[in-house]
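Written out below as structure tokens is the structure these notes cover.
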Amino acid sequence: MERREFILASSGYALSALGLPDMDSITRRTKTALPGAVRVGQGEVAGVRHMVKALGDSASELGGGHARHLAVRYLTQDVAPWLEGRFTEATGRDLFAATSQLVHLAGWMAQDEGDTPELRGLAQRYYAHSYRLAAEAGDPELSATALRGLAVQCVDLGYRAEAVQLGEACVEYGRHLDNPRAVAYYEATLASAAAQDDDRRMATKHLALSETAIGKPTAASGDSWAAHYSPGRWAHESGMILSRLGDLDAAEEHLHLALDIHGLDRRRTRAIVLADLGGVRLRQGDVDGAMATWRSFLDCADGIRSVKVQAALQDMRVRLRRYSGVPEAQELRMLAADFET
């Protein structure tokens, strides 16, 4: 792991674990900037936001393993000096909020790049740091989104109690937001954690709350992940929650909604939804439908560097072993082997 990825972690406002943020940090910084510190204005803030969008679009299309080094380099070489610069309080809050998104993106990229202790730990530190920056900026939506990153990581790793606790914190942060998509985002996070924890009552309750929220009209999308939580993404996440709860028919319906009605256009996202749909169809006993869906998944997955895509490939290969007498199943297994790294 390259040392520059830890430059921000050594600064005075970094976190090694979640804790109470320093709410006076930005105010204090406007009064104590060192002589010679770089002057920072809204132009630099706009630059960070632009890079978050550009790098985020690339990662959403090709996976978190694509171009993470560019995000880290920009964060440590360009943005870090701005955080130590001279700015007004209003600019400082905007800068911390924008940097929170960039740090969150770096965490998501690390989490999606690979399933190793090193990358998992790196993602966790980035998410915690993103939370601290967002909280100090006074942005509850970004704070909740950073906590959601940690919650999803706990879900993936099987830390059920921690995932539920973090999901509840997301919901609490988002309770008073005037952004239905954000509310849907956090309610679905808690529903997913509860489903993994085998708490059907809690999962069903918060899934219903997320459905109510995603159905409400929303203003033009903003800059955060939550603001871009589309009905298609909700349909995918809800489908997988329903699958965990054993409602396979409803799960299939939601995954179809994600693909066919809402038309998810990111290749990485479409690939994962297709992989999930193939798994649901197999569990329903629709072997031909599963193999047709998985063939579409392979077509979509080419060139994507994502641990979720790699996990889906492995899952598909294992499940198809039982169909050793079906030529198409064996062909799919051989094609999947060519994708795995």
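The chains in the structure tokens are called A, B, ... from first to last as shown; in each chain the residues are counted from 1, and the ligands are counted from 1 in the order shown.
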- Task: Please provide as a list in words all residues within 8 Å of Val152 of chain A, with the sequence filter that same-chain residues fewer than 5 positions apart are discarded (counting only C-alpha atoms).
- Result: Ala163, Thr189 and Ala193 of chain A
Could you give me, as a compact mmCIF listing (two decimals) with all heavy atoms, in the first residue's frame, the residues within 6 Å of segment 237-244 of chain A, counting only C-alpha atoms and dropping anything in the same chain fewer than 6 positions from it?
# COMPACT_ATOMS: atom_id res chain seq x y z
N SER A 192 -31.92 -3.65 4.81
CA SER A 192 -30.96 -4.66 4.37
C SER A 192 -30.21 -5.26 5.55
O SER A 192 -30.02 -6.48 5.63
CB SER A 192 -29.98 -4.03 3.38
OG SER A 192 -29.02 -4.96 2.94
N ALA A 251 -38.90 -10.51 -5.39
CA ALA A 251 -37.51 -10.14 -5.68
C ALA A 251 -37.29 -10.06 -7.19
O ALA A 251 -36.70 -9.10 -7.69
CB ALA A 251 -36.56 -11.16 -5.06
N HIS A 254 -38.86 -6.93 -8.66
CA HIS A 254 -38.10 -5.71 -8.39
C HIS A 254 -36.83 -5.63 -9.25
O HIS A 254 -36.46 -4.55 -9.72
CB HIS A 254 -37.75 -5.62 -6.91
CG HIS A 254 -38.86 -5.12 -6.05
ND1 HIS A 254 -40.01 -5.85 -5.80
CD2 HIS A 254 -39.03 -3.94 -5.40
CE1 HIS A 254 -40.81 -5.16 -5.02
NE2 HIS A 254 -40.25 -3.99 -4.76
N LEU A 255 -36.17 -6.76 -9.44
CA LEU A 255 -34.97 -6.75 -10.28
C LEU A 255 -35.33 -6.45 -11.73
O LEU A 255 -34.57 -5.77 -12.44
CB LEU A 255 -34.24 -8.08 -10.15
CG LEU A 255 -33.66 -8.37 -8.75
CD1 LEU A 255 -33.02 -9.74 -8.71
CD2 LEU A 255 -32.66 -7.30 -8.33
- Query: Looking at A:Ala161, A:Ala213, A:Gly85, A:Ala97, which one is nearest to Leu177 of chain A, with distances taken over only C-alpha atoms?
  - Reply: A:Ala213
- Task: Can you list, as a count of residues only, all residues belonging to segment 47-79 of chain A that DSSP tags as helix (DSSP H, G or I)?
- Result: 28
- Query: When distances are computed from only C-alpha atoms, which of A:Arg68, A:Arg200, A:Arg86, A:Arg93 shows the smallest separation from Glu136 of chain A?
  - Reply: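 Among A:Arg68, A:Arg200, A:Arg86, A:Arg93, it is A:Arg93 that comes nearest to Glu136 of chain A.
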- Using only C-alpha atoms, determine which residues lie at most 12 Å from Ser296 of chain A, disregarding the query and same-chain residues fewer than 5 positions distant; provide the list as a list in words.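 Final neighbour list, sorted by chain and number: Leu259, Arg267, Arg270, Ala271, Ile272, Val273, Leu274, Ala275, Asp276, Leu277, Gly278, Gly289, Ala290, Met291, Ala301, Asp302, Leu332, Leu335 and Ala336 of chain A.
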- Might you pull out every residue within 12 Å of segment 115-117 of chain A, with only C-alpha atoms counted and same-chain residues fewer than 5 positions away left off, and present them as a ChimeraX atom specification? /A:1,64-65,109-110,122-124,153,156-157,306-311
File of the preceding selection, all heavy atoms, as a compact mmCIF listing (two decimals), in the first residue's frame:
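Output (out-v1.txt):
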# COMPACT_ATOMS: atom_id res chain seq x y z
N MET A 1 0.84 -1.18 0.00
CA MET A 1 0.00 0.00 0.00
C MET A 1 0.88 1.24 0.00
O MET A 1 1.85 1.32 0.74
CB MET A 1 -0.87 0.01 1.26
CG MET A 1 -1.92 1.11 1.27
SD MET A 1 -2.89 1.02 2.79
CE MET A 1 -3.48 -0.65 2.66
N GLY A 64 -14.68 -0.10 -8.94
CA GLY A 64 -13.85 0.65 -8.02
C GLY A 64 -12.36 0.44 -8.23
O GLY A 64 -11.55 1.28 -7.82
N GLY A 65 -11.98 -0.68 -8.82
CA GLY A 65 -10.56 -0.93 -9.08
C GLY A 65 -10.01 -0.10 -10.22
O GLY A 65 -8.80 -0.12 -10.46
N MET A 109 -14.20 3.00 -3.67
CA MET A 109 -13.30 2.39 -4.65
C MET A 109 -12.47 1.28 -4.01
O MET A 109 -12.30 0.20 -4.59
CB MET A 109 -12.38 3.45 -5.25
CG MET A 109 -13.04 4.39 -6.25
SD MET A 109 -11.88 5.69 -6.76
CE MET A 109 -12.49 6.05 -8.40
N ALA A 110 -11.94 1.55 -2.82
CA ALA A 110 -11.14 0.54 -2.13
C ALA A 110 -11.99 -0.69 -1.79
O ALA A 110 -11.56 -1.83 -1.98
CB ALA A 110 -10.53 1.12 -0.86
N LEU A 122 -8.68 -0.11 4.68
CA LEU A 122 -8.53 1.19 4.04
C LEU A 122 -9.89 1.83 3.79
O LEU A 122 -10.11 3.02 4.06
CB LEU A 122 -7.78 1.02 2.72
CG LEU A 122 -7.42 2.29 1.94
CD1 LEU A 122 -6.55 3.20 2.78
CD2 LEU A 122 -6.72 1.93 0.64
N ALA A 123 -10.84 1.05 3.28
CA ALA A 123 -12.18 1.57 3.03
C ALA A 123 -12.81 2.06 4.33
O ALA A 123 -13.42 3.14 4.37
CB ALA A 123 -13.05 0.49 2.39
N GLN A 124 -12.67 1.29 5.39
CA GLN A 124 -13.26 1.68 6.67
C GLN A 124 -12.69 3.00 7.15
O GLN A 124 -13.43 3.88 7.63
CB GLN A 124 -13.00 0.59 7.71
CG GLN A 124 -13.67 0.85 9.05
CD GLN A 124 -13.38 -0.27 10.03
OE1 GLN A 124 -12.24 -0.45 10.45
NE2 GLN A 124 -14.40 -1.02 10.39
N GLN A 153 -20.58 -2.11 4.42
CA GLN A 153 -19.39 -2.94 4.61
C GLN A 153 -19.64 -3.99 5.69
O GLN A 153 -19.25 -5.16 5.53
CB GLN A 153 -18.20 -2.06 4.99
CG GLN A 153 -16.88 -2.81 5.02
CD GLN A 153 -15.71 -1.92 5.36
OE1 GLN A 153 -15.80 -1.09 6.26
NE2 GLN A 153 -14.60 -2.10 4.66
N ASP A 156 -21.74 -6.73 4.23
CA ASP A 156 -20.95 -7.60 3.36
C ASP A 156 -20.07 -8.56 4.15
O ASP A 156 -19.82 -9.70 3.72
CB ASP A 156 -20.08 -6.76 2.42
CG ASP A 156 -20.89 -6.02 1.36
OD1 ASP A 156 -22.06 -6.38 1.16
OD2 ASP A 156 -20.35 -5.07 0.75
N LEU A 157 -19.58 -8.10 5.31
CA LEU A 157 -18.66 -8.90 6.10
C LEU A 157 -19.36 -9.77 7.14
O LEU A 157 -18.71 -10.56 7.83
CB LEU A 157 -17.63 -7.99 6.79
CG LEU A 157 -16.70 -7.22 5.87
CD1 LEU A 157 -15.82 -6.27 6.67
CD2 LEU A 157 -15.83 -8.18 5.05
N SER A 306 -14.25 -4.98 -10.33
CA SER A 306 -15.09 -4.84 -9.14
C SER A 306 -15.13 -6.16 -8.40
O SER A 306 -15.35 -7.22 -8.99
CB SER A 306 -16.51 -4.44 -9.55
OG SER A 306 -17.42 -4.63 -8.48
N VAL A 307 -14.94 -6.09 -7.07
CA VAL A 307 -14.98 -7.30 -6.27
C VAL A 307 -16.37 -7.92 -6.30
O VAL A 307 -16.52 -9.15 -6.23
CB VAL A 307 -14.54 -7.00 -4.82
CG1 VAL A 307 -15.53 -6.11 -4.10
CG2 VAL A 307 -14.32 -8.29 -4.04
N LYS A 308 -17.41 -7.09 -6.42
CA LYS A 308 -18.77 -7.63 -6.49
C LYS A 308 -18.98 -8.43 -7.77
O LYS A 308 -19.66 -9.46 -7.76
CB LYS A 308 -19.79 -6.50 -6.36
CG LYS A 308 -19.94 -5.96 -4.95
CD LYS A 308 -21.08 -4.99 -4.85
CE LYS A 308 -21.32 -4.57 -3.41
NZ LYS A 308 -21.78 -5.67 -2.55
N VAL A 309 -18.43 -7.96 -8.87
CA VAL A 309 -18.54 -8.70 -10.13
C VAL A 309 -17.76 -10.00 -10.03
O VAL A 309 -18.22 -11.06 -10.46
CB VAL A 309 -18.08 -7.84 -11.31
CG1 VAL A 309 -17.95 -8.69 -12.58
CG2 VAL A 309 -19.06 -6.69 -11.54
N GLN A 310 -16.56 -9.94 -9.45
CA GLN A 310 -15.77 -11.16 -9.28
C GLN A 310 -16.49 -12.17 -8.38
O GLN A 310 -16.50 -13.37 -8.66
CB GLN A 310 -14.40 -10.81 -8.69
CG GLN A 310 -13.48 -10.10 -9.67
CD GLN A 310 -13.12 -10.96 -10.86
OE1 GLN A 310 -12.82 -12.14 -10.72
NE2 GLN A 310 -13.13 -10.37 -12.05
N ALA A 311 -17.12 -11.67 -7.30
CA ALA A 311 -17.86 -12.57 -6.41
C ALA A 311 -19.05 -13.18 -7.13
O ALA A 311 -19.36 -14.37 -6.93
CB ALA A 311 -18.32 -11.80 -5.17
- In terms of the shortest atom-to-atom distance over only C-alpha atoms, which of A:Val164, A:Leu133, A:Ala226, A:Ala46 is closest to Ala195 of chain A?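 The closest residue to Ala195 of chain A is A:Val164.
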- Message: Just want the 9 Å neighbourhood of Tyr173 of chain A, counted on only C-alpha atoms, with same-chain residues fewer than 6 positions away dropped. Output as a PyMOL selection string.
- Response: chain A and resi 140-141+143-144+186
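Among the candidates A:Arg321, A:Arg283, A:Arg39, A:Arg268, the one nearest to Gly63 of chain A when counting only C-alpha atoms is A:Arg268.
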- Shell of 8 Å around His206 of chain A, only C-alpha atoms, local chain residues under 5 positions omitted, as a ChimeraX atom specification: /A:187-188,190-191
- Enter the distance from atom CA of Ala80 of chain A to atom CA of Thr27 of chain A, in Å, rounded to one decimal.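 Between atom CA of Ala80 of chain A and atom CA of Thr27 of chain A the gap works out to 17.8 Å.
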